[in-house]
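Asks: Data: coords33.txt, compact mmCIF, C-alpha atoms and all ligand atoms.
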```
# COMPACT_ATOMS: atom_id res chain seq x y z
CA MET A 1 42.64 4.87 8.89
CA SER A 2 39.32 6.32 9.90
CA LYS A 3 37.53 8.51 7.40
CA LEU A 4 35.65 10.15 10.24
CA GLU A 5 36.55 13.68 11.15
CA GLN A 6 35.60 15.25 14.43
CA ILE A 7 33.36 18.31 14.14
CA SER A 8 32.71 18.83 17.85
CA ASP A 9 32.94 16.71 21.03
CA HIS A 10 30.12 14.32 20.10
CA VAL A 11 29.90 14.78 16.34
CA VAL A 12 31.84 13.27 13.43
CA VAL A 13 31.42 13.37 9.65
CA ASP A 14 32.75 11.44 6.69
CA LYS A 15 33.47 13.99 3.97
CA GLU A 16 35.83 11.74 2.00
CA THR A 17 33.57 9.00 0.66
CA GLN A 18 31.53 11.48 -1.41
CA TYR A 19 34.57 12.11 -3.61
CA LYS A 20 35.19 8.40 -4.27
CA SER A 21 31.61 7.42 -5.03
CA ARG A 22 28.36 9.25 -5.63
CA SER A 23 27.65 9.19 -1.92
CA CYS A 24 26.46 11.98 0.33
CA ILE A 25 28.24 13.23 3.43
CA SER A 26 27.46 10.83 6.29
CA GLY A 27 27.99 11.42 9.95
CA GLY A 28 27.32 10.38 13.48
CA ILE A 29 26.43 11.80 16.87
CA SER A 30 27.38 10.06 20.10
CA LEU A 31 24.90 10.31 22.94
CA SER A 32 27.21 8.65 25.48
CA LYS A 33 25.81 5.09 25.61
CA TYR A 34 25.04 4.81 21.90
CA SER A 35 25.40 6.73 18.69
CA ILE A 36 23.15 7.77 15.83
CA ALA A 37 24.25 7.35 12.22
CA ILE A 38 23.20 10.11 9.85
CA ASP A 39 22.53 9.07 6.25
CA SER A 40 23.75 5.68 5.08
CA GLY A 41 25.54 6.62 1.86
CA ASP A 42 25.06 5.34 -1.66
CA SER A 43 25.87 1.63 -1.28
CA LEU A 44 25.78 -1.23 1.20
CA GLU A 45 29.57 -1.13 1.34
CA VAL A 46 29.52 2.55 2.37
CA GLY A 47 26.84 1.80 4.98
CA ILE A 48 28.81 -1.11 6.48
CA ASP A 49 31.95 1.03 6.62
CA LEU A 50 30.11 3.88 8.29
CA ARG A 51 28.64 1.67 10.98
CA ASN A 52 32.00 0.00 11.70
CA GLU A 53 33.81 3.30 11.83
CA LEU A 54 31.24 4.91 14.13
CA GLU A 55 31.42 1.95 16.55
CA THR A 56 35.22 2.04 16.54
CA TYR A 57 35.37 5.80 16.92
CA PHE A 58 32.81 6.27 19.68
CA LYS A 59 33.30 2.82 21.30
CA VAL A 60 29.53 2.47 21.75
CA PRO A 61 26.97 0.69 19.54
CA VAL A 62 25.00 2.54 16.87
CA LYS A 63 21.35 2.53 17.94
CA TYR A 64 19.60 4.58 15.26
CA LEU A 65 19.91 5.39 11.58
CA PHE A 66 18.56 8.82 10.69
CA LEU A 67 17.72 9.39 7.03
CA THR A 68 17.48 13.06 6.05
CA HIS A 69 15.45 12.09 2.97
CA THR A 70 14.62 9.40 0.46
CA HIS A 71 17.21 9.96 -2.30
CA ASN A 72 19.32 6.92 -3.14
CA ASP A 73 22.71 8.48 -2.41
CA HIS A 74 21.54 8.85 1.21
CA ARG A 75 19.58 5.63 1.67
CA ASN A 76 21.36 2.93 -0.36
CA GLY A 77 23.57 1.85 2.56
CA ARG A 78 20.54 1.28 4.80
CA GLU A 79 20.76 -2.53 4.97
CA ALA A 80 23.89 -2.17 7.11
CA PHE A 81 21.60 -0.77 9.83
CA LYS A 82 18.52 -2.99 9.37
CA ASP A 83 18.65 -4.43 12.92
CA LEU A 84 18.49 -0.89 14.37
CA THR A 85 15.75 1.73 14.63
CA LEU A 86 15.13 4.07 11.72
CA ILE A 87 14.43 7.73 12.46
CA THR A 88 12.94 9.71 9.61
CA SER A 89 9.87 11.76 8.75
CA GLN A 90 6.58 10.06 7.92
CA LYS A 91 6.63 11.91 4.59
CA CYS A 92 10.05 10.46 3.79
CA ILE A 93 8.67 6.92 4.24
CA ASP A 94 5.55 7.79 2.22
CA ASN A 95 7.77 9.10 -0.60
CA MET A 96 9.98 5.98 -0.89
CA PRO A 97 9.88 4.26 -4.25
CA LYS A 98 7.73 1.09 -4.22
CA SER A 99 10.81 -1.14 -4.41
CA ILE A 100 12.15 0.17 -1.09
CA SER A 101 10.48 -1.26 1.96
CA PHE A 102 11.09 -0.49 5.62
CA ASN A 103 8.21 -2.74 6.73
CA LYS A 104 10.39 -4.98 8.88
CA TRP A 105 12.29 -2.12 10.50
CA LYS A 106 11.74 -0.69 13.94
CA LYS A 107 10.87 2.93 13.26
CA GLU A 108 10.48 6.22 15.05
CA LEU A 109 8.65 8.40 12.57
CA PHE A 110 7.60 12.00 13.04
CA ASP A 111 5.36 14.52 11.29
CA GLN A 112 6.96 17.76 12.49
CA GLU A 113 9.62 16.95 15.03
CA LEU A 114 11.15 14.34 17.28
CA ILE A 115 13.41 14.80 20.26
CA VAL A 116 15.82 12.15 21.47
CA GLN A 117 17.05 12.66 25.01
CA ALA A 118 19.95 10.74 26.53
CA ASP A 119 21.22 11.82 29.94
CA ASN A 120 21.81 15.55 29.55
CA LEU A 121 22.15 15.47 25.76
CA THR A 122 19.30 16.38 23.45
CA LEU A 123 19.07 15.79 19.74
CA GLU A 124 16.28 17.33 17.67
CA PHE A 125 14.84 16.26 14.34
CA HIS A 126 12.67 18.67 12.36
CA HIS A 127 10.76 18.08 9.14
CA VAL A 128 11.40 20.92 6.67
CA GLY A 129 10.73 19.71 3.09
CA GLY A 130 12.10 21.95 0.32
CA HIS A 131 14.58 19.68 -1.43
CA SER A 132 12.37 16.62 -1.01
CA VAL A 133 8.86 16.29 0.41
CA GLY A 134 10.19 14.30 3.37
CA SER A 135 13.43 16.23 3.99
CA SER A 136 14.30 16.71 7.62
CA ILE A 137 17.27 17.92 9.59
CA ALA A 138 19.08 16.92 12.78
CA TYR A 139 20.05 19.66 15.22
CA PHE A 140 22.37 19.08 18.15
CA PRO A 141 21.95 22.24 20.24
CA VAL A 142 24.58 21.57 22.89
CA GLU A 143 27.33 21.70 20.24
CA LYS A 144 25.43 23.92 17.80
CA VAL A 145 25.67 21.52 14.86
CA LEU A 146 23.04 21.25 12.14
CA PHE A 147 22.89 18.28 9.76
CA ALA A 148 20.86 19.79 6.93
CA GLY A 149 20.94 17.02 4.30
CA ASP A 150 20.49 18.25 0.74
CA LEU A 151 18.86 21.55 1.74
CA PHE A 152 22.45 22.62 1.18
CA ILE A 153 24.99 21.50 -1.38
CA THR A 154 28.28 23.36 -1.22
CA ASN A 155 31.34 23.65 -3.44
CA PRO A 156 33.03 21.78 -4.97
CA VAL A 157 29.94 19.58 -5.54
CA ASN A 158 27.44 20.74 -8.20
CA PHE A 159 28.90 24.27 -8.17
CA GLY A 160 27.45 24.76 -4.69
CA LEU A 161 23.98 25.12 -6.19
CA PRO A 162 20.83 23.47 -4.85
CA PHE A 163 19.43 20.37 -6.53
CA MET A 164 15.68 20.77 -7.00
CA GLY A 165 14.90 17.92 -9.38
CA PHE A 166 13.16 15.20 -7.42
CA TYR A 167 10.96 16.59 -4.69
CA GLN A 168 8.38 13.84 -4.85
CA ASN A 169 8.02 10.53 -6.69
CA LYS A 170 4.27 10.16 -7.07
CA PRO A 171 3.00 12.38 -8.54
CA LYS A 172 6.34 13.74 -9.67
CA ARG A 173 7.09 17.19 -8.36
CA THR A 174 9.93 19.68 -8.56
CA GLY A 175 11.44 21.43 -5.50
CA ASN A 176 9.50 23.70 -3.16
CA PRO A 177 11.37 27.04 -2.85
CA GLU A 178 8.94 28.38 -0.26
CA GLU A 179 9.74 25.47 2.08
CA TYR A 180 13.44 26.19 1.64
CA LEU A 181 12.82 29.80 2.73
CA VAL A 182 10.79 28.76 5.78
CA ALA A 183 13.55 26.30 6.71
CA PHE A 184 16.25 29.00 6.38
CA ASP A 185 14.21 31.23 8.66
CA LYS A 186 14.05 28.45 11.21
CA PHE A 187 17.84 27.89 10.96
CA LYS A 188 18.48 31.63 11.43
CA LYS A 189 16.76 31.37 14.81
CA MET A 190 18.88 28.41 15.92
CA LYS A 191 22.31 28.82 17.47
CA ILE A 192 24.56 27.19 14.88
CA ASN A 193 28.34 26.97 14.62
CA VAL A 194 28.56 24.35 11.90
CA ILE A 195 26.22 23.21 9.15
CA VAL A 196 26.88 19.81 7.64
CA PRO A 197 25.39 19.87 4.14
CA GLY A 198 24.36 16.84 2.06
CA HIS A 199 27.34 17.26 -0.26
CA GLY A 200 30.48 19.38 -0.50
CA ARG A 201 32.32 21.21 2.25
CA VAL A 202 31.17 21.67 5.82
CA ILE A 203 29.89 25.23 6.41
CA LEU A 204 31.85 27.05 9.10
CA ASN A 205 30.32 30.51 8.57
CA PRO A 206 26.66 29.51 8.94
CA GLN A 207 25.14 32.95 9.46
CA GLU A 208 26.82 34.49 6.44
CA TYR A 209 26.09 31.40 4.35
CA LEU A 210 22.41 31.38 5.37
CA ASP A 211 22.08 35.07 4.47
CA GLU A 212 23.54 34.34 1.03
CA GLN A 213 21.11 31.48 0.50
CA ILE A 214 18.13 33.57 1.61
CA THR A 215 19.14 36.31 -0.83
CA PHE A 216 19.58 33.78 -3.64
CA TYR A 217 16.12 32.22 -3.14
CA ASN A 218 14.39 35.56 -2.61
CA SER A 219 16.01 37.04 -5.74
CA LEU A 220 14.81 34.09 -7.79
CA LYS A 221 11.38 34.29 -6.20
CA SER A 222 10.98 38.00 -7.11
CA PHE A 223 12.29 37.33 -10.60
CA PHE A 224 9.82 34.48 -11.22
CA VAL A 225 6.82 36.19 -9.63
CA LYS A 226 7.44 39.17 -11.95
CA ALA A 227 8.04 37.05 -15.08
CA ILE A 228 4.93 34.92 -14.41
CA GLY A 229 2.92 38.11 -13.75
CA GLU A 230 4.00 39.36 -17.18
CA GLY A 231 2.59 36.16 -18.67
CA LYS A 232 5.94 34.60 -19.58
CA LYS A 233 6.07 30.87 -20.29
CA LEU A 234 8.73 28.55 -18.88
CA GLU A 235 10.51 28.36 -22.24
CA ASP A 236 10.64 32.18 -22.55
CA ILE A 237 12.43 32.57 -19.25
CA GLU A 238 16.17 32.63 -18.80
CA LEU A 239 17.55 32.48 -15.27
CA PRO A 240 19.03 35.78 -14.07
CA ARG A 241 22.82 35.79 -13.72
CA LEU A 242 22.87 35.93 -9.93
CA LYS A 243 26.31 35.82 -8.33
CA GLN A 244 26.15 32.05 -7.61
CA ILE A 245 25.03 31.27 -11.18
CA ASP A 246 27.64 33.53 -12.72
CA GLU A 247 30.38 31.93 -10.63
CA ALA A 248 29.16 28.47 -11.64
CA TYR A 249 29.45 29.37 -15.34
CA LYS A 250 32.93 30.83 -14.83
CA ASP A 251 33.96 27.67 -13.02
CA ALA A 252 32.50 25.44 -15.76
CA GLU A 253 34.30 27.43 -18.47
CA ASN A 254 37.63 26.57 -16.85
CA ARG A 255 37.05 22.85 -16.45
CA LYS A 256 38.93 20.32 -18.57
CA GLN A 257 35.77 18.76 -20.00
CA ARG A 258 34.29 22.15 -20.72
CA SER A 259 31.39 21.26 -23.00
CA THR A 260 30.23 18.28 -20.91
CA THR A 261 30.44 20.39 -17.76
CA LEU A 262 28.51 23.25 -19.34
CA ARG A 263 25.81 20.85 -20.48
CA PHE A 264 25.59 19.41 -16.98
CA LEU A 265 25.29 22.92 -15.52
CA ASP A 266 22.58 23.96 -18.00
CA ASN A 267 20.63 20.85 -17.19
CA TYR A 268 21.13 21.30 -13.46
CA LEU A 269 20.01 24.94 -13.55
CA ASN A 270 17.00 23.91 -15.55
CA TRP A 271 15.70 22.02 -12.48
CA ILE A 272 16.02 25.20 -10.44
CA LYS A 273 14.22 27.15 -13.15
CA LYS A 274 11.42 24.58 -13.42
CA SER A 275 11.02 24.41 -9.65
CA PHE A 276 10.62 28.17 -9.23
CA TYR A 277 8.39 28.46 -12.28
CA ASN A 278 6.14 25.56 -11.28
CA TYR A 279 5.84 26.69 -7.71
CA TYR A 280 5.11 30.37 -8.29
CA SER A 281 2.80 29.78 -11.23
CA GLY A 282 0.65 27.54 -9.04
CA LYS A 283 1.46 24.37 -10.96
CA PHE A 284 3.16 22.78 -7.96
CA ASP A 285 -0.07 21.30 -6.58
CA CYS A 286 -1.07 19.56 -9.79
CA LEU A 287 2.29 18.46 -11.11
CA ASP A 288 3.38 15.34 -12.85
CA ILE A 289 6.59 16.58 -14.39
CA ASN A 290 8.74 14.73 -16.89
ZN ZN A 301 18.81 14.59 -2.26
```
Could you write out this structure as structure tokens?
Replies:
Amino acid sequence: MSKLEQISDHVVVDKETQYKSRSCISGGISLSKYSIAIDSGDSLEVGIDLRNELETYFKVPVKYLFLTHTHNDHRNGREAFKDLTLITSQKCIDNMPKSISFNKWKKELFDQELIVQADNLTLEFHHVGGHSVGSSIAYFPVEKVLFAGDLFITNPVNFGLPFMGFYQNKPKRTGNPEEYLVAFDKFKKMKINVIVPGHGRVILNPQEYLDEQITFYNSLKSFFVKAIGEGKKLEDIELPRLKQIDEAYKDAENRKQRSTTLRFLDNYLNWIKKSFYNYYSGKFDCLDIN
């Protein structure tokens, strides 16, 4: 049975595989004569499955693989698509670890944006950064669907909180909250019915969800700007108990493996804390974090 679920006329997603492996949400968009695969999952097996399922579902060949960003849970299935054309941002390619090469691939790379037009269907790709230096999104205006990659992680994965640990490989950098905010602003101006995040549940109330995210980032921004202005060091700062953080702790308290889960959450939140601190204290540009 197909794992693909229809989101709109030309769009499908696989939300199941992420719960069986450490994969991301993958998807596909059909542009009539061919389709585009979005993120290849965390293993070759997942990539092969995705390609087969897309070809069976849409009854047309897959022509492109779009990678939202460089992280391994999105790119590790790439070899299943190596005879196709890769679409991704130039920065995503520049940020690949040395061991990962796309030298032999056909590529359509972009700095800011790329538009693919097929008959009367248009698909847009925009570079946004934020989660990763090369992060970009796919927007399908005719059906108002946004594939946002890991700019968004929703419940039940990672308590619905953003992962800001690995923005850049060399030099190592934490997440860029200001790029997240610029991206959210851009999304607010788009007509969107559905946001497909990198992990978790598909977002069916995009406007409300975006407003919540904007409030979350802005609250943290104000908090850190003030704390840094008062001369506080990273180790003196404790994250404020914003609604999302409070809910995450309540959730963790009720889990079976309570102490392991709480440790995971502390560690996870620490990346958010470091990212905001580094960025707003001006350390972002000269970082080599450990
Ligand atoms: Zn990621």
Asks: Find the residues near Glu124 of chain A: any atom within 6 Å, counting only C-alpha atoms, skip ones fewer than 2 places away on the same chain, and give them as a ChimeraX atom specification.
Replies: /A:114-115,138-139
Asks: Excluding same-chain residues fewer than 5 positions from segment 26-37 of chain A, what lies within 7 Å of it counting only C-alpha atoms, as a VMD selection string?
Replies: chain A and resid 10 to 14 54 58 60 to 66 118 121
Asks: If you count only C-alpha atoms, which residues fall within 12 Å of Arg241 of chain A, apart from same-chain ones fewer than 6 positions away, as a list in words?
Replies: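 Using only C-alpha atoms, the neighbours found are Phe216, Ser219, Leu220, Phe223, Glu247, Ala248, Tyr249, Lys250 and Leu269 of chain A.
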Asks: Ranking A:Ile195, A:Ile245, A:Met1, A:Ile153 by minimum distance to ligand ZN 301 (chain A) and counting all atoms listed in the file, which one comes first?
Replies: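 Among A:Ile195, A:Ile245, A:Met1, A:Ile153, it is A:Ile153 that comes nearest to ligand ZN 301 (chain A).
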Asks: Residues within 9 Å of ligand ZN 301 (chain A) (all atoms listed in the file), as a PyMOL selection string?
Replies: chain A and resi 24+68-74+131-132+135+149-151+163-167+198
Asks: Could you please take those selected residues and save C-alpha atoms as a short mmCIF file (atom, residue, chain, number, x, y, z; two decimals), keeping the file's coordinate frame?
Replies:
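Printed below is selection_6.cif as written:
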```cif
data_model
loop_
_atom_site.label_atom_id
_atom_site.label_comp_id
_atom_site.auth_asym_id
_atom_site.auth_seq_id
_atom_site.Cartn_x
_atom_site.Cartn_y
_atom_site.Cartn_z
CA CYS A 24 26.46 11.98 0.33
CA THR A 68 17.48 13.06 6.05
CA HIS A 69 15.45 12.09 2.97
CA THR A 70 14.62 9.40 0.46
CA HIS A 71 17.21 9.96 -2.30
CA ASN A 72 19.32 6.92 -3.14
CA ASP A 73 22.71 8.48 -2.41
CA HIS A 74 21.54 8.85 1.21
CA HIS A 131 14.58 19.68 -1.43
CA SER A 132 12.37 16.62 -1.01
CA SER A 135 13.43 16.23 3.99
CA GLY A 149 20.94 17.02 4.30
CA ASP A 150 20.49 18.25 0.74
CA LEU A 151 18.86 21.55 1.74
CA PHE A 163 19.43 20.37 -6.53
CA MET A 164 15.68 20.77 -7.00
CA GLY A 165 14.90 17.92 -9.38
CA PHE A 166 13.16 15.20 -7.42
CA TYR A 167 10.96 16.59 -4.69
CA GLY A 198 24.36 16.84 2.06
#
```
Asks: Considering only C-alpha atoms, state which residue in the set A:Val157, A:Val142, A:Leu181, A:Leu50 is at the smallest distance from Tyr268 of chain A.
Replies: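 Checking each candidate against Tyr268 of chain A, we get A:Val157 as the closest.
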Asks: Would you please work out which residue, of A:Gln244, A:Ile48, A:Asn103, A:Tyr57, is nearest to Glu79 of chain A when using only C-alpha atoms?
Replies: A:Ile48
